[in-house]
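With compact mmCIF, N, CA and C atoms inside, this is target.txt:
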```
# COMPACT_ATOMS: atom_id res chain seq x y z
N MET A 12 126.32 107.13 101.49
CA MET A 12 127.11 107.77 102.50
C MET A 12 126.63 107.30 103.87
N VAL A 13 127.39 106.50 104.53
CA VAL A 13 127.08 106.02 105.87
C VAL A 13 128.14 106.58 106.80
N SER A 14 127.71 107.21 107.86
CA SER A 14 128.67 107.81 108.78
C SER A 14 128.23 107.58 110.22
N GLN A 15 129.19 107.64 111.13
CA GLN A 15 128.87 107.48 112.53
C GLN A 15 128.58 108.85 113.13
N THR A 16 127.55 108.90 113.95
CA THR A 16 127.21 110.15 114.61
C THR A 16 126.74 109.86 116.02
N LEU A 17 126.73 110.87 116.85
CA LEU A 17 126.25 110.69 118.22
C LEU A 17 124.80 111.11 118.30
N SER A 18 124.01 110.32 118.99
CA SER A 18 122.61 110.62 119.17
C SER A 18 122.34 110.87 120.64
N ASN A 19 121.79 112.00 120.97
CA ASN A 19 121.46 112.39 122.34
C ASN A 19 122.70 112.44 123.24
N HIS A 20 123.89 112.48 122.70
CA HIS A 20 125.15 112.58 123.44
C HIS A 20 125.33 111.45 124.46
N ILE A 21 124.56 110.39 124.36
CA ILE A 21 124.65 109.29 125.32
C ILE A 21 125.21 108.04 124.66
N ARG A 22 124.68 107.69 123.49
CA ARG A 22 125.15 106.47 122.85
C ARG A 22 125.46 106.74 121.38
N ALA A 23 126.39 106.01 120.87
CA ALA A 23 126.75 106.17 119.46
C ALA A 23 125.77 105.36 118.61
N CYS A 24 125.38 105.94 117.49
CA CYS A 24 124.54 105.21 116.54
C CYS A 24 125.00 105.55 115.13
N TRP A 25 124.55 104.78 114.18
CA TRP A 25 124.90 104.98 112.79
C TRP A 25 123.73 105.63 112.08
N THR A 26 124.04 106.47 111.12
CA THR A 26 122.99 107.14 110.36
C THR A 26 123.41 107.21 108.89
N CYS A 27 122.42 107.32 108.03
CA CYS A 27 122.71 107.49 106.61
C CYS A 27 121.62 108.37 106.01
N CYS A 28 121.92 108.92 104.85
CA CYS A 28 120.90 109.68 104.14
C CYS A 28 121.04 109.38 102.66
N ALA A 29 119.93 109.48 101.96
CA ALA A 29 119.92 109.24 100.52
C ALA A 29 119.12 110.35 99.86
N PRO A 30 119.63 110.92 98.78
CA PRO A 30 118.87 111.94 98.06
C PRO A 30 117.70 111.29 97.34
N THR A 31 116.53 111.89 97.46
CA THR A 31 115.33 111.34 96.82
C THR A 31 114.54 112.47 96.18
N ALA A 32 113.64 112.10 95.31
CA ALA A 32 112.69 113.04 94.73
C ALA A 32 111.35 112.83 95.41
N LYS A 33 110.73 113.93 95.86
CA LYS A 33 109.42 113.84 96.49
C LYS A 33 108.35 113.77 95.40
N PRO A 34 107.13 113.38 95.75
CA PRO A 34 106.07 113.32 94.74
C PRO A 34 105.78 114.65 94.05
N ASP A 35 106.07 115.77 94.71
CA ASP A 35 105.85 117.08 94.08
C ASP A 35 107.00 117.50 93.17
N GLY A 36 108.04 116.66 93.03
CA GLY A 36 109.16 116.93 92.14
C GLY A 36 110.37 117.56 92.80
N LYS A 37 110.23 118.02 94.02
CA LYS A 37 111.35 118.64 94.73
C LYS A 37 112.29 117.56 95.25
N ARG A 38 113.55 117.95 95.45
CA ARG A 38 114.56 117.04 95.98
C ARG A 38 114.56 117.11 97.50
N ALA A 39 114.81 115.97 98.13
CA ALA A 39 114.87 115.93 99.59
C ALA A 39 115.82 114.81 100.00
N ARG A 40 116.24 114.84 101.25
CA ARG A 40 117.06 113.76 101.81
C ARG A 40 116.19 112.93 102.73
N LYS A 41 116.35 111.64 102.63
CA LYS A 41 115.65 110.74 103.52
C LYS A 41 116.70 110.07 104.40
N TYR A 42 116.46 110.06 105.71
CA TYR A 42 117.44 109.56 106.68
C TYR A 42 117.00 108.21 107.25
N ALA A 43 118.00 107.42 107.65
CA ALA A 43 117.75 106.15 108.34
C ALA A 43 118.79 106.01 109.45
N TYR A 44 118.40 105.34 110.50
CA TYR A 44 119.27 105.19 111.68
C TYR A 44 119.32 103.74 112.10
N GLY A 45 120.39 103.36 112.80
CA GLY A 45 120.51 102.01 113.31
C GLY A 45 121.65 101.89 114.30
N LYS A 46 121.73 100.74 114.95
CA LYS A 46 122.75 100.51 115.98
C LYS A 46 124.06 100.01 115.39
N THR A 47 123.99 99.31 114.25
CA THR A 47 125.21 98.77 113.65
C THR A 47 125.39 99.33 112.24
N TRP A 48 126.63 99.27 111.76
CA TRP A 48 126.92 99.74 110.41
C TRP A 48 126.18 98.89 109.38
N ASP A 49 126.16 97.56 109.59
CA ASP A 49 125.50 96.67 108.63
C ASP A 49 124.01 96.96 108.53
N GLU A 50 123.37 97.21 109.66
CA GLU A 50 121.93 97.52 109.68
C GLU A 50 121.65 98.79 108.88
N VAL A 51 122.45 99.81 109.09
CA VAL A 51 122.24 101.08 108.39
C VAL A 51 122.60 100.95 106.92
N HIS A 52 123.62 100.17 106.61
CA HIS A 52 123.99 99.97 105.21
C HIS A 52 122.85 99.30 104.44
N GLU A 53 122.19 98.33 105.04
CA GLU A 53 121.02 97.69 104.40
C GLU A 53 119.91 98.71 104.16
N LYS A 54 119.65 99.56 105.14
CA LYS A 54 118.63 100.60 104.99
C LYS A 54 119.02 101.59 103.90
N TRP A 55 120.32 101.91 103.82
CA TRP A 55 120.81 102.84 102.81
C TRP A 55 120.60 102.25 101.40
N LEU A 56 120.92 100.97 101.25
CA LEU A 56 120.71 100.31 99.96
C LEU A 56 119.22 100.31 99.59
N ALA A 57 118.35 100.05 100.58
CA ALA A 57 116.92 100.05 100.33
C ALA A 57 116.42 101.44 99.93
N LEU A 58 116.95 102.48 100.59
CA LEU A 58 116.57 103.85 100.23
C LEU A 58 116.97 104.18 98.80
N HIS A 59 118.17 103.78 98.41
CA HIS A 59 118.62 104.05 97.05
C HIS A 59 117.80 103.27 96.02
N ALA A 60 117.47 102.03 96.34
CA ALA A 60 116.64 101.24 95.42
C ALA A 60 115.25 101.86 95.28
N GLU A 61 114.69 102.34 96.39
CA GLU A 61 113.38 102.98 96.35
C GLU A 61 113.43 104.29 95.56
N ALA A 62 114.52 105.03 95.71
CA ALA A 62 114.68 106.30 95.00
C ALA A 62 114.81 106.09 93.49
N LYS A 63 115.43 104.98 93.09
CA LYS A 63 115.58 104.69 91.66
C LYS A 63 114.24 104.36 91.00
N LYS A 64 113.30 103.83 91.78
CA LYS A 64 111.98 103.46 91.24
C LYS A 64 111.13 104.69 90.91
N GLY A 65 111.36 105.79 91.62
CA GLY A 65 110.56 106.99 91.37
C GLY A 65 110.48 107.84 92.62
N PRO A 66 109.52 108.78 92.64
CA PRO A 66 109.37 109.67 93.80
C PRO A 66 109.11 108.89 95.09
N VAL A 67 109.66 109.39 96.19
CA VAL A 67 109.55 108.75 97.49
C VAL A 67 108.85 109.71 98.44
N ALA A 68 107.83 109.24 99.11
CA ALA A 68 107.16 110.07 100.11
C ALA A 68 108.08 110.20 101.32
N THR A 69 108.37 111.43 101.71
CA THR A 69 109.27 111.63 102.84
C THR A 69 108.53 111.66 104.17
N ARG A 70 107.24 111.83 104.15
CA ARG A 70 106.43 111.79 105.37
C ARG A 70 105.44 110.65 105.24
N HIS A 71 105.10 110.07 106.37
CA HIS A 71 104.17 108.95 106.36
C HIS A 71 102.74 109.47 106.42
N ARG A 72 101.90 108.93 105.55
CA ARG A 72 100.51 109.35 105.51
C ARG A 72 99.66 108.48 106.42
N THR A 73 98.60 109.07 106.92
CA THR A 73 97.65 108.29 107.70
C THR A 73 96.64 107.67 106.75
N LEU A 74 95.90 106.70 107.25
CA LEU A 74 94.90 106.04 106.43
C LEU A 74 93.82 107.02 105.99
N ALA A 75 93.43 107.96 106.84
CA ALA A 75 92.41 108.94 106.48
C ALA A 75 92.86 109.81 105.31
N VAL A 76 94.11 110.25 105.32
CA VAL A 76 94.64 111.08 104.23
C VAL A 76 94.70 110.26 102.94
N PHE A 77 95.14 109.01 103.04
CA PHE A 77 95.21 108.18 101.84
C PHE A 77 93.82 107.91 101.28
N LEU A 78 92.85 107.61 102.15
CA LEU A 78 91.50 107.31 101.67
C LEU A 78 90.86 108.53 101.02
N ALA A 79 91.12 109.72 101.54
CA ALA A 79 90.62 110.95 100.90
C ALA A 79 91.22 111.09 99.50
N TYR A 80 92.52 110.87 99.38
CA TYR A 80 93.18 110.89 98.06
C TYR A 80 92.58 109.84 97.15
N TRP A 81 92.40 108.62 97.65
CA TRP A 81 91.88 107.51 96.86
C TRP A 81 90.48 107.81 96.35
N LEU A 82 89.63 108.35 97.22
CA LEU A 82 88.27 108.68 96.80
C LEU A 82 88.26 109.74 95.70
N ASP A 83 89.05 110.80 95.88
CA ASP A 83 89.03 111.90 94.93
C ASP A 83 89.78 111.61 93.64
N SER A 84 90.89 110.90 93.73
CA SER A 84 91.74 110.72 92.54
C SER A 84 91.52 109.40 91.81
N ILE A 85 91.03 108.39 92.49
CA ILE A 85 90.88 107.08 91.86
C ILE A 85 89.40 106.74 91.64
N VAL A 86 88.63 106.82 92.71
CA VAL A 86 87.24 106.37 92.64
C VAL A 86 86.37 107.34 91.85
N LYS A 87 86.42 108.62 92.20
CA LYS A 87 85.52 109.60 91.59
C LYS A 87 85.65 109.67 90.07
N PRO A 88 86.85 109.76 89.51
CA PRO A 88 86.93 109.85 88.04
C PRO A 88 86.74 108.53 87.30
N ASN A 89 86.91 107.39 87.97
CA ASN A 89 86.92 106.12 87.26
C ASN A 89 85.71 105.23 87.49
N LEU A 90 84.91 105.51 88.50
CA LEU A 90 83.76 104.66 88.80
C LEU A 90 82.47 105.45 88.70
N ALA A 91 81.36 104.74 88.76
CA ALA A 91 80.05 105.37 88.68
C ALA A 91 79.83 106.30 89.87
N PRO A 92 79.04 107.35 89.70
CA PRO A 92 78.81 108.30 90.79
C PRO A 92 78.23 107.64 92.05
N LEU A 93 77.35 106.67 91.90
CA LEU A 93 76.78 106.02 93.08
C LEU A 93 77.82 105.17 93.81
N SER A 94 78.79 104.65 93.09
CA SER A 94 79.88 103.92 93.75
C SER A 94 80.68 104.87 94.62
N TYR A 95 80.97 106.04 94.08
CA TYR A 95 81.69 107.04 94.87
C TYR A 95 80.92 107.40 96.13
N VAL A 96 79.61 107.61 96.01
CA VAL A 96 78.80 108.01 97.16
C VAL A 96 78.81 106.92 98.22
N SER A 97 78.67 105.66 97.81
CA SER A 97 78.66 104.57 98.80
C SER A 97 80.04 104.37 99.42
N TYR A 98 81.12 104.44 98.65
CA TYR A 98 82.46 104.29 99.19
C TYR A 98 82.79 105.43 100.17
N GLU A 99 82.39 106.64 99.80
CA GLU A 99 82.63 107.80 100.67
C GLU A 99 81.91 107.61 101.99
N GLY A 100 80.68 107.08 101.95
CA GLY A 100 79.94 106.82 103.17
C GLY A 100 80.62 105.78 104.05
N TYR A 101 81.09 104.71 103.45
CA TYR A 101 81.80 103.67 104.22
C TYR A 101 83.05 104.24 104.89
N VAL A 102 83.79 105.04 104.14
CA VAL A 102 85.01 105.63 104.68
C VAL A 102 84.67 106.59 105.83
N ARG A 103 83.69 107.46 105.62
CA ARG A 103 83.34 108.48 106.61
C ARG A 103 82.72 107.89 107.86
N LEU A 104 81.85 106.88 107.71
CA LEU A 104 81.12 106.36 108.86
C LEU A 104 81.81 105.21 109.59
N TYR A 105 82.57 104.40 108.87
CA TYR A 105 83.09 103.18 109.48
C TYR A 105 84.62 103.13 109.58
N ILE A 106 85.31 103.48 108.50
CA ILE A 106 86.76 103.28 108.48
C ILE A 106 87.50 104.44 109.16
N ALA A 107 87.24 105.67 108.73
CA ALA A 107 87.98 106.82 109.24
C ALA A 107 87.84 107.03 110.75
N PRO A 108 86.66 106.86 111.35
CA PRO A 108 86.59 107.09 112.80
C PRO A 108 87.45 106.13 113.63
N HIS A 109 87.69 104.94 113.13
CA HIS A 109 88.41 103.94 113.91
C HIS A 109 89.87 103.78 113.48
N LEU A 110 90.12 103.79 112.17
CA LEU A 110 91.47 103.53 111.67
C LEU A 110 92.11 104.74 110.99
N GLY A 111 91.41 105.84 110.88
CA GLY A 111 91.89 107.00 110.13
C GLY A 111 93.18 107.59 110.64
N ALA A 112 93.42 107.57 111.94
CA ALA A 112 94.63 108.17 112.51
C ALA A 112 95.85 107.26 112.40
N LYS A 113 95.66 106.03 112.00
CA LYS A 113 96.76 105.05 111.91
C LYS A 113 97.62 105.34 110.68
N ARG A 114 98.96 105.34 110.87
CA ARG A 114 99.86 105.51 109.74
C ARG A 114 99.80 104.28 108.85
N ILE A 115 99.82 104.48 107.54
CA ILE A 115 99.70 103.37 106.61
C ILE A 115 100.84 102.38 106.78
N ASP A 116 102.05 102.87 107.00
CA ASP A 116 103.18 101.96 107.13
C ASP A 116 103.13 101.16 108.42
N LYS A 117 102.30 101.57 109.38
CA LYS A 117 102.17 100.85 110.64
C LYS A 117 100.89 100.03 110.73
N LEU A 118 100.02 100.12 109.71
CA LEU A 118 98.77 99.38 109.70
C LEU A 118 99.04 97.89 109.48
N THR A 119 98.46 97.06 110.34
CA THR A 119 98.70 95.63 110.25
C THR A 119 97.38 94.88 110.08
N VAL A 120 97.50 93.62 109.74
CA VAL A 120 96.32 92.77 109.62
C VAL A 120 95.62 92.69 110.98
N ARG A 121 96.38 92.68 112.03
CA ARG A 121 95.80 92.62 113.37
C ARG A 121 94.94 93.85 113.65
N ASP A 122 95.40 95.03 113.22
CA ASP A 122 94.61 96.25 113.40
C ASP A 122 93.26 96.13 112.70
N VAL A 123 93.28 95.62 111.47
CA VAL A 123 92.05 95.49 110.71
C VAL A 123 91.13 94.46 111.34
N ARG A 124 91.67 93.35 111.80
CA ARG A 124 90.84 92.33 112.46
C ARG A 124 90.22 92.87 113.74
N GLU A 125 91.01 93.60 114.54
CA GLU A 125 90.47 94.19 115.77
C GLU A 125 89.38 95.20 115.44
N TRP A 126 89.57 95.99 114.39
CA TRP A 126 88.57 96.96 113.98
C TRP A 126 87.28 96.26 113.56
N LEU A 127 87.39 95.20 112.76
CA LEU A 127 86.19 94.47 112.33
C LEU A 127 85.45 93.85 113.51
N THR A 128 86.20 93.30 114.46
CA THR A 128 85.57 92.72 115.65
C THR A 128 84.88 93.81 116.47
N LYS A 129 85.54 94.94 116.63
CA LYS A 129 84.95 96.05 117.38
C LYS A 129 83.72 96.59 116.67
N LEU A 130 83.80 96.71 115.35
CA LEU A 130 82.71 97.24 114.55
C LEU A 130 81.47 96.36 114.65
N ALA A 131 81.68 95.05 114.70
CA ALA A 131 80.55 94.12 114.79
C ALA A 131 79.83 94.24 116.13
N GLY A 132 80.53 94.67 117.16
CA GLY A 132 79.93 94.77 118.49
C GLY A 132 79.35 96.14 118.81
N ILE A 133 79.50 97.10 117.91
CA ILE A 133 79.01 98.46 118.16
C ILE A 133 77.67 98.66 117.46
N CYS A 134 76.71 99.20 118.20
CA CYS A 134 75.43 99.58 117.60
C CYS A 134 75.67 100.80 116.72
N GLN A 135 75.48 100.67 115.43
CA GLN A 135 75.80 101.76 114.51
C GLN A 135 74.84 102.95 114.65
N CYS A 136 73.60 102.70 115.05
CA CYS A 136 72.67 103.81 115.28
C CYS A 136 73.18 104.70 116.41
N CYS A 137 73.66 104.07 117.48
CA CYS A 137 74.17 104.84 118.62
C CYS A 137 75.50 105.51 118.27
N ALA A 138 76.38 104.79 117.58
CA ALA A 138 77.70 105.32 117.25
C ALA A 138 77.62 106.54 116.33
N GLN A 139 76.64 106.56 115.45
CA GLN A 139 76.50 107.66 114.50
C GLN A 139 75.52 108.73 114.98
N GLY A 140 74.95 108.53 116.18
CA GLY A 140 74.05 109.52 116.75
C GLY A 140 72.67 109.54 116.14
N LYS A 141 72.27 108.48 115.47
CA LYS A 141 70.95 108.44 114.83
C LYS A 141 69.83 108.36 115.86
N ASP A 142 70.05 107.64 116.97
CA ASP A 142 69.03 107.53 118.00
C ASP A 142 68.74 108.89 118.63
N ALA A 143 69.75 109.68 118.87
CA ALA A 143 69.55 111.00 119.46
C ALA A 143 68.74 111.89 118.53
N LYS A 144 69.01 111.79 117.24
CA LYS A 144 68.25 112.58 116.27
C LYS A 144 66.79 112.14 116.25
N ARG A 145 66.56 110.83 116.32
CA ARG A 145 65.18 110.32 116.31
C ARG A 145 64.42 110.78 117.54
N SER A 146 65.04 110.71 118.71
CA SER A 146 64.34 111.08 119.93
C SER A 146 64.00 112.56 119.93
N ARG A 147 64.87 113.40 119.38
CA ARG A 147 64.57 114.83 119.28
C ARG A 147 63.44 115.07 118.29
N ALA A 148 63.45 114.34 117.18
CA ALA A 148 62.41 114.51 116.17
C ALA A 148 61.06 114.04 116.72
N VAL A 149 61.05 112.94 117.47
CA VAL A 149 59.82 112.42 118.05
C VAL A 149 59.33 113.36 119.14
N GLY A 150 60.24 113.90 119.95
CA GLY A 150 59.86 114.78 121.04
C GLY A 150 59.33 116.12 120.55
N SER A 151 59.77 116.58 119.41
CA SER A 151 59.33 117.87 118.91
C SER A 151 58.08 117.77 118.04
N ALA A 152 57.68 116.57 117.71
CA ALA A 152 56.49 116.39 116.86
C ALA A 152 55.24 116.71 117.67
N ALA A 153 54.24 117.19 116.98
CA ALA A 153 52.97 117.53 117.65
C ALA A 153 52.26 116.24 118.07
N PRO A 154 51.60 116.23 119.23
CA PRO A 154 50.91 115.03 119.67
C PRO A 154 49.78 114.68 118.71
N PRO A 155 49.51 113.37 118.59
CA PRO A 155 48.44 112.96 117.66
C PRO A 155 47.10 113.58 118.05
N GLY A 156 46.34 113.96 117.07
CA GLY A 156 45.01 114.52 117.28
C GLY A 156 45.02 116.01 117.55
N SER A 157 46.17 116.64 117.68
CA SER A 157 46.20 118.07 117.96
C SER A 157 46.14 118.90 116.69
N VAL A 158 46.27 118.27 115.53
CA VAL A 158 46.26 119.02 114.27
C VAL A 158 44.88 119.15 113.75
```
Representation of the structure as structure tokens:
Amino acid sequence: MVSQTLSNHIRACWTCCAPTAKPDGKRARKYAYGKTWDEVHEKWLALHAEAKKGPVATRHRTLAVFLAYWLDSIVKPNLAPLSYVSYEGYVRLYIAPHLGAKRIDKLTVRDVREWLTKLAGICQCCAQGKDAKRSRAVGSAAPPGSV
């Protein structure tokens, strides 16, 4: 179903919707918009093809949400416990602080390259607050010879 509708009462645009099943099993409509009928028709066909394959996520997930799911549902039950611990640490300390807010559908190779370049230039002790913890621990320790 492709129909013409007005958007913001200023310019005409085309819109379409396709019935889909969400991952939780409920039914939902997914919408697509475009400037021309042909553009929207292509999107409509893609939505229907995606819906035929199975459940369709109607909201875009961020990388942090996906990585939390991946750790709990894929890594934890299928890999060794120490693998889970190390992967969780990498996600928590390195990936999530920099790329966690990025939507998965918008994540590009350029984003990952920029993150790796930035990560290489950051002192990880300072970024994770380890130096501050050390200075407090050293400052609170009793002076040598006082024990």
Notebook entry, point to check: At most 6.5 Å from (94.6, 107.0, 112.8), file frame, all atoms listed in the file: which residues, as a count of residues only?
Noted result: 9
Note to self: Can you measure atom CA of Leu93 of chain A to atom N of Ile106 of chain A for me? One decimal in Å is fine.
What the structure shows: 17.8 Å
Checklist line | Nearby residues (only N, CA and C atoms) at most 7 Å from Trp55 of chain A, same-chain spacing under 2 positions excluded, as a VMD selection string | finding: chain A and resid 27 to 29 43 50 to 53 57 to 60
Check: If you run DSSP on this backbone, which residues of segment 15-106 of chain A come out as helix (DSSP H, G or I), and could you give them as an MDAnalysis selection string?
Finding: chainID A and resid 48:64 74:89 92:106
Checklist line | One-decimal distance in Å that lies between atom CA of Val123 of chain A and atom CA of Ala107 of chain A | finding: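 Atom CA of Val123 of chain A lies 12.1 Å from atom CA of Ala107 of chain A.
Coordinates place atom C of Lys63 of chain A at a distance of 26.4 Å from atom CA of Ala79 of chain A.
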Notebook entry, point to check: Between A:Lys54, A:Ile115, A:Gly45, A:Ala39, which is the closest to Thr26 of chain A once you count all atoms listed in the file?
Noted result: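 Residue with the minimum atom-to-atom distance to Thr26 of chain A: A:Gly45.
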Item checked: Nearest to Gly36 of chain A, chosen from A:Leu90, A:Leu82, A:Tyr101, A:Pro66, with only N, CA and C atoms counted in the distances ->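 Going through A:Leu90, A:Leu82, A:Tyr101, A:Pro66 one by one, the smallest distance to Gly36 of chain A is for A:Pro66.
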Kindly output segment 90-100 of chain A as a short mmCIF file (atom, residue, chain, number, x, y, z; two decimals), in the coordinates of the input, after building all heavy atoms.
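Ended up saving to part_27.cif:
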```cif
data_model
loop_
_atom_site.label_atom_id
_atom_site.label_comp_id
_atom_site.auth_asym_id
_atom_site.auth_seq_id
_atom_site.Cartn_x
_atom_site.Cartn_y
_atom_site.Cartn_z
N LEU A 90 84.91 105.51 88.50
CA LEU A 90 83.76 104.66 88.80
C LEU A 90 82.47 105.45 88.70
O LEU A 90 82.47 106.67 88.59
CB LEU A 90 83.90 104.05 90.20
CG LEU A 90 85.09 103.12 90.41
CD1 LEU A 90 85.13 102.63 91.85
CD2 LEU A 90 85.05 101.95 89.47
N ALA A 91 81.36 104.74 88.76
CA ALA A 91 80.05 105.37 88.68
C ALA A 91 79.83 106.30 89.87
O ALA A 91 80.35 106.04 90.96
CB ALA A 91 78.96 104.29 88.64
N PRO A 92 79.04 107.35 89.70
CA PRO A 92 78.81 108.30 90.79
C PRO A 92 78.23 107.64 92.05
O PRO A 92 78.62 108.01 93.16
CB PRO A 92 77.81 109.30 90.21
CG PRO A 92 78.04 109.24 88.74
CD PRO A 92 78.43 107.83 88.45
N LEU A 93 77.35 106.67 91.90
CA LEU A 93 76.78 106.02 93.08
C LEU A 93 77.82 105.17 93.81
O LEU A 93 77.74 105.02 95.03
CB LEU A 93 75.57 105.18 92.71
CG LEU A 93 74.31 106.00 92.35
CD1 LEU A 93 73.16 105.07 91.98
CD2 LEU A 93 73.90 106.91 93.49
N SER A 94 78.79 104.65 93.09
CA SER A 94 79.88 103.92 93.75
C SER A 94 80.68 104.87 94.62
O SER A 94 81.03 104.54 95.76
CB SER A 94 80.80 103.27 92.72
OG SER A 94 80.11 102.30 91.99
N TYR A 95 80.97 106.04 94.08
CA TYR A 95 81.69 107.04 94.87
C TYR A 95 80.92 107.40 96.13
O TYR A 95 81.48 107.46 97.22
CB TYR A 95 81.96 108.30 94.05
CG TYR A 95 82.53 109.42 94.88
CD1 TYR A 95 83.87 109.44 95.24
CD2 TYR A 95 81.71 110.45 95.36
CE1 TYR A 95 84.39 110.44 96.02
CE2 TYR A 95 82.22 111.45 96.15
CZ TYR A 95 83.56 111.45 96.49
OH TYR A 95 84.06 112.45 97.28
N VAL A 96 79.61 107.61 96.01
CA VAL A 96 78.80 108.01 97.16
C VAL A 96 78.81 106.92 98.22
O VAL A 96 78.99 107.19 99.42
CB VAL A 96 77.35 108.32 96.71
CG1 VAL A 96 76.42 108.47 97.91
CG2 VAL A 96 77.33 109.58 95.86
N SER A 97 78.67 105.66 97.81
CA SER A 97 78.66 104.57 98.80
C SER A 97 80.04 104.37 99.42
O SER A 97 80.15 104.21 100.64
CB SER A 97 78.15 103.27 98.18
OG SER A 97 79.01 102.82 97.18
N TYR A 98 81.12 104.44 98.65
CA TYR A 98 82.46 104.29 99.19
C TYR A 98 82.79 105.43 100.17
O TYR A 98 83.38 105.22 101.21
CB TYR A 98 83.51 104.26 98.09
CG TYR A 98 83.50 103.01 97.23
CD1 TYR A 98 84.31 102.92 96.12
CD2 TYR A 98 82.68 101.93 97.52
CE1 TYR A 98 84.31 101.79 95.32
CE2 TYR A 98 82.67 100.80 96.73
CZ TYR A 98 83.50 100.74 95.63
OH TYR A 98 83.50 99.61 94.85
N GLU A 99 82.39 106.64 99.80
CA GLU A 99 82.63 107.80 100.67
C GLU A 99 81.91 107.61 101.99
O GLU A 99 82.44 107.93 103.06
CB GLU A 99 82.17 109.08 99.97
CG GLU A 99 82.53 110.36 100.70
CD GLU A 99 81.51 110.75 101.76
OE1 GLU A 99 80.33 110.41 101.61
OE2 GLU A 99 81.92 111.39 102.74
N GLY A 100 80.68 107.08 101.95
CA GLY A 100 79.94 106.82 103.17
C GLY A 100 80.62 105.78 104.05
O GLY A 100 80.70 105.94 105.27
#
```
